[in-house]
$ cat query.pdb   # PDB, C-alpha atoms, pLDDT in the B column
ATOM      1  CA  MET J 105      -1.716   1.656 -10.643  1.00 47.00           C
ATOM      2  CA  ASN J 106      -0.065  -0.326  -7.866  1.00 68.00           C
ATOM      3  CA  LEU J 107      -2.240  -1.324  -4.909  1.00 79.00           C
ATOM      4  CA  GLY J 108       0.522  -0.990  -2.290  1.00 87.00           C
ATOM      5  CA  GLN J 109       1.014   2.673  -3.141  1.00 93.00           C
ATOM      6  CA  ASN J 110      -2.517   3.639  -2.088  1.00 94.00           C
ATOM      7  CA  ARG J 111      -3.352   3.822   1.601  1.00 95.00           C
ATOM      8  CA  GLU J 112      -7.000   2.907   0.975  1.00 94.00           C
ATOM      9  CA  ASN J 113      -5.907  -0.615  -0.100  1.00 93.00           C
ATOM     10  CA  ILE J 114      -4.014  -1.344   3.128  1.00 95.00           C
ATOM     11  CA  LYS J 115      -6.009  -2.468   6.159  1.00 94.00           C
ATOM     12  CA  ILE J 116      -5.016  -3.551   9.657  1.00 95.00           C
ATOM     13  CA  GLY J 117      -4.958  -7.356   9.792  1.00 94.00           C
ATOM     14  CA  LEU J 118      -4.069  -7.707   6.102  1.00 94.00           C
ATOM     15  CA  ASN J 119      -1.383 -10.260   5.168  1.00 95.00           C
ATOM     16  CA  VAL J 120       1.289  -8.380   3.181  1.00 95.00           C
ATOM     17  CA  GLY J 121       4.838  -8.586   1.894  1.00 95.00           C
ATOM     18  CA  ILE J 122       7.050  -5.620   2.766  1.00 96.00           C
ATOM     19  CA  VAL J 123      10.596  -4.526   2.035  1.00 97.00           C
ATOM     20  CA  LEU J 124      12.518  -3.522   5.156  1.00 98.00           C
ATOM     21  CA  LYS J 125      14.830  -0.477   4.979  1.00 96.00           C
ATOM     22  CA  GLN J 126      17.941  -2.674   5.145  1.00 97.00           C
ATOM     23  CA  ASP J 127      16.578  -4.898   2.342  1.00 97.00           C
ATOM     24  CA  GLN J 128      15.803  -2.122  -0.148  1.00 94.00           C
ATOM     25  CA  ARG J 129      18.829  -2.889  -2.352  1.00 96.00           C
ATOM     26  CA  SER J 130      18.170  -6.613  -2.538  1.00 96.00           C
ATOM     27  CA  GLY J 131      14.378  -6.287  -2.642  1.00 93.00           C
ATOM     28  CA  LYS J 132      13.962  -9.126  -0.126  1.00 96.00           C
ATOM     29  CA  ILE J 133      10.302  -9.485   0.878  1.00 96.00           C
ATOM     30  CA  THR J 134       9.265 -10.045   4.502  1.00 97.00           C
ATOM     31  CA  GLN J 135       5.768 -11.368   5.084  1.00 96.00           C
ATOM     32  CA  GLY J 136       3.521 -10.442   7.986  1.00 96.00           C
ATOM     33  CA  ILE J 137       0.243  -9.062   9.249  1.00 95.00           C
ATOM     34  CA  VAL J 138      -0.349  -5.287   9.316  1.00 96.00           C
ATOM     35  CA  LYS J 139      -0.549  -3.964  12.878  1.00 97.00           C
ATOM     36  CA  LYS J 140      -0.380  -0.240  12.102  1.00 98.00           C
ATOM     37  CA  ILE J 141      -0.362   1.975   9.007  1.00 98.00           C
ATOM     38  CA  LEU J 142       2.430   4.545   9.359  1.00 98.00           C
ATOM     39  CA  THR J 143       2.070   6.565   6.143  1.00 97.00           C
ATOM     40  CA  ASN J 144      -0.410   9.397   6.647  1.00 97.00           C
ATOM     41  CA  SER J 145      -0.746  10.451   3.018  1.00 96.00           C
ATOM     42  CA  SER J 146      -3.191   8.689   0.710  1.00 96.00           C
ATOM     43  CA  TYR J 147      -0.405   7.767  -1.776  1.00 95.00           C
ATOM     44  CA  HIS J 148       3.309   6.996  -1.659  1.00 95.00           C
ATOM     45  CA  PRO J 149       5.296   6.078  -4.807  1.00 94.00           C
ATOM     46  CA  HIS J 150       7.451   3.472  -3.000  1.00 93.00           C
ATOM     47  CA  GLY J 151       4.598   1.823  -1.106  1.00 95.00           C
ATOM     48  CA  ILE J 152       2.676   2.581   2.060  1.00 97.00           C
ATOM     49  CA  LYS J 153       4.809   2.191   5.190  1.00 98.00           C
ATOM     50  CA  VAL J 154       3.386  -0.213   7.767  1.00 98.00           C
ATOM     51  CA  GLU J 155       4.333  -1.870  11.040  1.00 98.00           C
ATOM     52  CA  LEU J 156       3.777  -5.620  11.185  1.00 98.00           C
ATOM     53  CA  GLU J 157       2.499  -7.489  14.248  1.00 97.00           C
ATOM     54  CA  ASP J 158       6.074  -8.621  15.000  1.00 97.00           C
ATOM     55  CA  GLY J 159       7.260  -4.981  15.091  1.00 98.00           C
ATOM     56  CA  LEU J 160       9.047  -4.900  11.731  1.00 98.00           C
ATOM     57  CA  ILE J 161       8.545  -1.768   9.617  1.00 98.00           C
ATOM     58  CA  GLY J 162       8.653  -1.490   5.838  1.00 98.00           C
ATOM     59  CA  ARG J 163       6.852  -0.520   2.659  1.00 97.00           C
ATOM     60  CA  VAL J 164       4.124  -2.717   1.164  1.00 96.00           C
ATOM     61  CA  LYS J 165       5.180  -4.474  -2.057  1.00 94.00           C
ATOM     62  CA  GLU J 166       2.742  -7.414  -2.061  1.00 92.00           C
ATOM     63  CA  ILE J 167      -0.722  -8.181  -0.767  1.00 89.00           C
ATOM     64  CA  HIS J 168      -1.319 -11.846   0.019  1.00 86.00           C
ATOM     65  CA  SER J 169      -4.780 -13.295  -0.393  1.00 74.00           C
ATOM     66  CA  LYS J 170      -5.868 -16.738   0.818  1.00 61.00           C
ATOM     67  CA  ASN J 171      -5.335 -18.307  -2.589  1.00 55.00           C
ATOM     68  CA  ARG J 172      -2.507 -16.353  -4.178  1.00 52.00           C
ATOM     69  CA  LYS J 173       0.121 -13.663  -3.796  1.00 55.00           C
ATOM     70  CA  ILE J 174      -0.401 -10.387  -5.634  1.00 57.00           C
ATOM     71  CA  LYS J 175       2.895  -8.697  -6.580  1.00 59.00           C
ATOM     72  CA  LEU J 176       2.264  -4.990  -6.691  1.00 59.00           C
ATOM     73  CA  PHE J 177       5.302  -3.534  -8.402  1.00 57.00           C
ATOM     74  CA  LYS J 178       8.973  -4.098  -9.165  1.00 56.00           C
ATOM     75  CA  ASN J 179      11.595  -3.206  -6.546  1.00 50.00           C
TER      76      ASN J 179
END
$ encode --input "query.pdb" --output "structure tokens"
Amino acid sequence: MNLGQNRENIKIGLNVGIVLKQDQRSGKITQGIVKKILTNSSYHPHGIKVELEDGLIGRVKEIHSKNRKIKLFKN
């Protein structure tokens, strides 16, 4: 099970890596802090959609902890 697909694992203030809509083909990861959780359902197969503090919107692919990066699933 991939953590970024479950809404319960995503919290406001969490440091995450997302894939922006325009980066879906390349899989480029953009890092930021979660400002708002946009997906209402408890699960999404491509990752929970979030808005970062800088206003960028994408689906969560990684959760970053203080010590390491956790890659959640392949692009």
$ resolve_selection --input "query.pdb" --expression "the PyMOL selection byres ((chain J and resi 149-164) around 7)" --output "VMD selection string"
chain J and resid 108 to 111 120 to 125 136 to 143 147 to 148 165 to 166
$ write_last_selection --input "query.pdb" --atoms "C-alpha atoms" --output "JSON list (two decimals), in the frame of the given file"
[["chain", "number", "residue", "atom", "x", "y", "z"],
["J", 108, "GLY", "CA", 0.52, -0.99, -2.29],
["J", 109, "GLN", "CA", 1.01, 2.67, -3.14],
["J", 110, "ASN", "CA", -2.52, 3.64, -2.09],
["J", 111, "ARG", "CA", -3.35, 3.82, 1.60],
["J", 120, "VAL", "CA", 1.29, -8.38, 3.18],
["J", 121, "GLY", "CA", 4.84, -8.59, 1.89],
["J", 122, "ILE", "CA", 7.05, -5.62, 2.77],
["J", 123, "VAL", "CA", 10.60, -4.53, 2.04],
["J", 124, "LEU", "CA", 12.52, -3.52, 5.16],
["J", 125, "LYS", "CA", 14.83, -0.48, 4.98],
["J", 136, "GLY", "CA", 3.52, -10.44, 7.99],
["J", 137, "ILE", "CA", 0.24, -9.06, 9.25],
["J", 138, "VAL", "CA", -0.35, -5.29, 9.32],
["J", 139, "LYS", "CA", -0.55, -3.96, 12.88],
["J", 140, "LYS", "CA", -0.38, -0.24, 12.10],
["J", 141, "ILE", "CA", -0.36, 1.98, 9.01],
["J", 142, "LEU", "CA", 2.43, 4.54, 9.36],
["J", 143, "THR", "CA", 2.07, 6.56, 6.14],
["J", 147, "TYR", "CA", -0.40, 7.77, -1.78],
["J", 148, "HIS", "CA", 3.31, 7.00, -1.66],
["J", 165, "LYS", "CA", 5.18, -4.47, -2.06],
["J", 166, "GLU", "CA", 2.74, -7.41, -2.06]]
$ atom_distance --input "query.pdb" --atom1 "atom CA of His168 of chain J" --atom2 "atom CA of Asn119 of chain J"
5.4 Å
$ atom_distance --input "query.pdb" --atom1 "atom CA of Gln128 of chain J" --atom2 "atom CA of Ile114 of chain J"
20.1 Å
$ atom_distance --input "query.pdb" --atom1 "atom CA of Lys132 of chain J" --atom2 "atom CA of Asn113 of chain J"
21.6 Å
$ axis_aligned_box --input "query.pdb" --around "segment 160-164 of chain J" --padding-each-side "3 Å" --output "AutoDock Vina command-line options"
--center_x 6.6 --center_y -2.7 --center_z 6.4 --size_x 10.9 --size_y 10.4 --size_z 16.6
$ decode --input "query.pdb" --residues "segment 119-134 of chain J" --atoms "all heavy atoms" --output "tab-separated table (two decimals), in the first residue's frame"
chain	number	residue	atom	x	y	z
J	119	ASN	N	5.92	17.96	4.88
J	119	ASN	CA	6.84	18.19	3.77
J	119	ASN	C	6.70	17.03	2.79
J	119	ASN	O	6.95	15.88	3.17
J	119	ASN	CB	8.27	18.30	4.31
J	119	ASN	CG	9.26	18.73	3.27
J	119	ASN	OD1	8.93	18.91	2.10
J	119	ASN	ND2	10.49	18.88	3.68
J	120	VAL	N	6.29	17.31	1.56
J	120	VAL	CA	6.00	16.26	0.58
J	120	VAL	C	6.64	16.57	-0.77
J	120	VAL	O	7.05	17.69	-1.04
J	120	VAL	CB	4.48	16.08	0.37
J	120	VAL	CG1	3.79	15.63	1.64
J	120	VAL	CG2	3.83	17.34	-0.17
J	121	GLY	N	6.69	15.55	-1.59
J	121	GLY	CA	7.06	15.69	-3.00
J	121	GLY	C	5.83	15.39	-3.83
J	121	GLY	O	5.18	14.36	-3.62
J	122	ILE	N	5.50	16.30	-4.75
J	122	ILE	CA	4.31	16.12	-5.59
J	122	ILE	C	4.72	16.12	-7.06
J	122	ILE	O	5.79	16.60	-7.42
J	122	ILE	CB	3.25	17.22	-5.35
J	122	ILE	CG1	3.78	18.59	-5.77
J	122	ILE	CG2	2.79	17.21	-3.91
J	122	ILE	CD1	2.72	19.69	-5.81
J	123	VAL	N	3.83	15.61	-7.90
J	123	VAL	CA	3.98	15.73	-9.34
J	123	VAL	C	2.90	16.69	-9.81
J	123	VAL	O	1.70	16.46	-9.59
J	123	VAL	CB	3.86	14.37	-10.05
J	123	VAL	CG1	3.84	14.55	-11.55
J	123	VAL	CG2	5.00	13.46	-9.66
J	124	LEU	N	3.34	17.78	-10.45
J	124	LEU	CA	2.41	18.76	-11.02
J	124	LEU	C	1.78	18.17	-12.28
J	124	LEU	O	2.35	17.28	-12.92
J	124	LEU	CB	3.16	20.05	-11.37
J	124	LEU	CG	3.93	20.70	-10.23
J	124	LEU	CD1	4.75	21.86	-10.76
J	124	LEU	CD2	2.99	21.16	-9.13
J	125	LYS	N	0.61	18.68	-12.66
J	125	LYS	CA	-0.10	18.18	-13.85
J	125	LYS	C	0.81	18.20	-15.08
J	125	LYS	O	0.88	17.23	-15.82
J	125	LYS	CB	-1.35	19.05	-14.09
J	125	LYS	CG	-2.18	18.63	-15.26
J	125	LYS	CD	-3.30	17.78	-14.83
J	125	LYS	CE	-4.25	17.53	-15.99
J	125	LYS	NZ	-5.08	16.39	-15.74
J	126	GLN	N	1.52	19.31	-15.28
J	126	GLN	CA	2.37	19.44	-16.46
J	126	GLN	C	3.62	18.55	-16.40
J	126	GLN	O	4.29	18.35	-17.41
J	126	GLN	CB	2.79	20.89	-16.71
J	126	GLN	CG	3.63	21.50	-15.62
J	126	GLN	CD	2.83	22.25	-14.57
J	126	GLN	OE1	1.67	21.96	-14.34
J	126	GLN	NE2	3.47	23.22	-13.93
J	127	ASP	N	3.92	17.99	-15.23
J	127	ASP	CA	5.09	17.12	-15.07
J	127	ASP	C	4.73	15.64	-14.99
J	127	ASP	O	5.59	14.80	-14.70
J	127	ASP	CB	5.87	17.51	-13.81
J	127	ASP	CG	6.47	18.90	-13.92
J	127	ASP	OD1	6.77	19.34	-15.04
J	127	ASP	OD2	6.65	19.54	-12.87
J	128	GLN	N	3.48	15.29	-15.26
J	128	GLN	CA	3.06	13.90	-15.12
J	128	GLN	C	3.83	12.97	-16.05
J	128	GLN	O	4.20	11.87	-15.65
J	128	GLN	CB	1.56	13.76	-15.37
J	128	GLN	CG	0.73	14.28	-14.22
J	128	GLN	CD	-0.75	14.20	-14.48
J	128	GLN	OE1	-1.19	14.04	-15.62
J	128	GLN	NE2	-1.54	14.32	-13.43
J	129	ARG	N	4.11	13.39	-17.27
J	129	ARG	CA	4.84	12.51	-18.21
J	129	ARG	C	6.27	12.27	-17.76
J	129	ARG	O	6.77	11.16	-17.84
J	129	ARG	CB	4.83	13.11	-19.61
J	129	ARG	CG	3.51	12.94	-20.30
J	129	ARG	CD	3.57	13.49	-21.71
J	129	ARG	NE	2.34	13.17	-22.39
J	129	ARG	CZ	2.29	12.69	-23.61
J	129	ARG	NH1	3.39	12.52	-24.31
J	129	ARG	NH2	1.13	12.41	-24.15
J	130	SER	N	6.93	13.33	-17.31
J	130	SER	CA	8.33	13.20	-16.91
J	130	SER	C	8.48	12.64	-15.49
J	130	SER	O	9.50	12.08	-15.15
J	130	SER	CB	9.03	14.55	-16.99
J	130	SER	OG	8.55	15.44	-15.99
J	131	GLY	N	7.46	12.84	-14.66
J	131	GLY	CA	7.52	12.38	-13.28
J	131	GLY	C	8.33	13.28	-12.37
J	131	GLY	O	8.68	12.89	-11.26
J	132	LYS	N	8.64	14.49	-12.84
J	132	LYS	CA	9.43	15.44	-12.05
J	132	LYS	C	8.73	15.74	-10.73
J	132	LYS	O	7.55	16.05	-10.69
J	132	LYS	CB	9.64	16.73	-12.84
J	132	LYS	CG	10.41	17.78	-12.07
J	132	LYS	CD	10.49	19.08	-12.86
J	132	LYS	CE	10.99	20.17	-11.94
J	132	LYS	NZ	10.54	21.48	-12.38
J	133	ILE	N	9.50	15.65	-9.64
J	133	ILE	CA	8.97	15.87	-8.29
J	133	ILE	C	9.24	17.32	-7.87
J	133	ILE	O	10.34	17.84	-8.05
J	133	ILE	CB	9.65	14.92	-7.28
J	133	ILE	CG1	9.41	13.46	-7.66
J	133	ILE	CG2	9.19	15.22	-5.85
J	133	ILE	CD1	8.00	12.97	-7.50
J	134	THR	N	8.22	17.95	-7.31
J	134	THR	CA	8.33	19.29	-6.74
J	134	THR	C	8.10	19.17	-5.24
J	134	THR	O	7.10	18.59	-4.81
J	134	THR	CB	7.27	20.23	-7.36
J	134	THR	OG1	7.48	20.28	-8.78
J	134	THR	CG2	7.36	21.62	-6.79
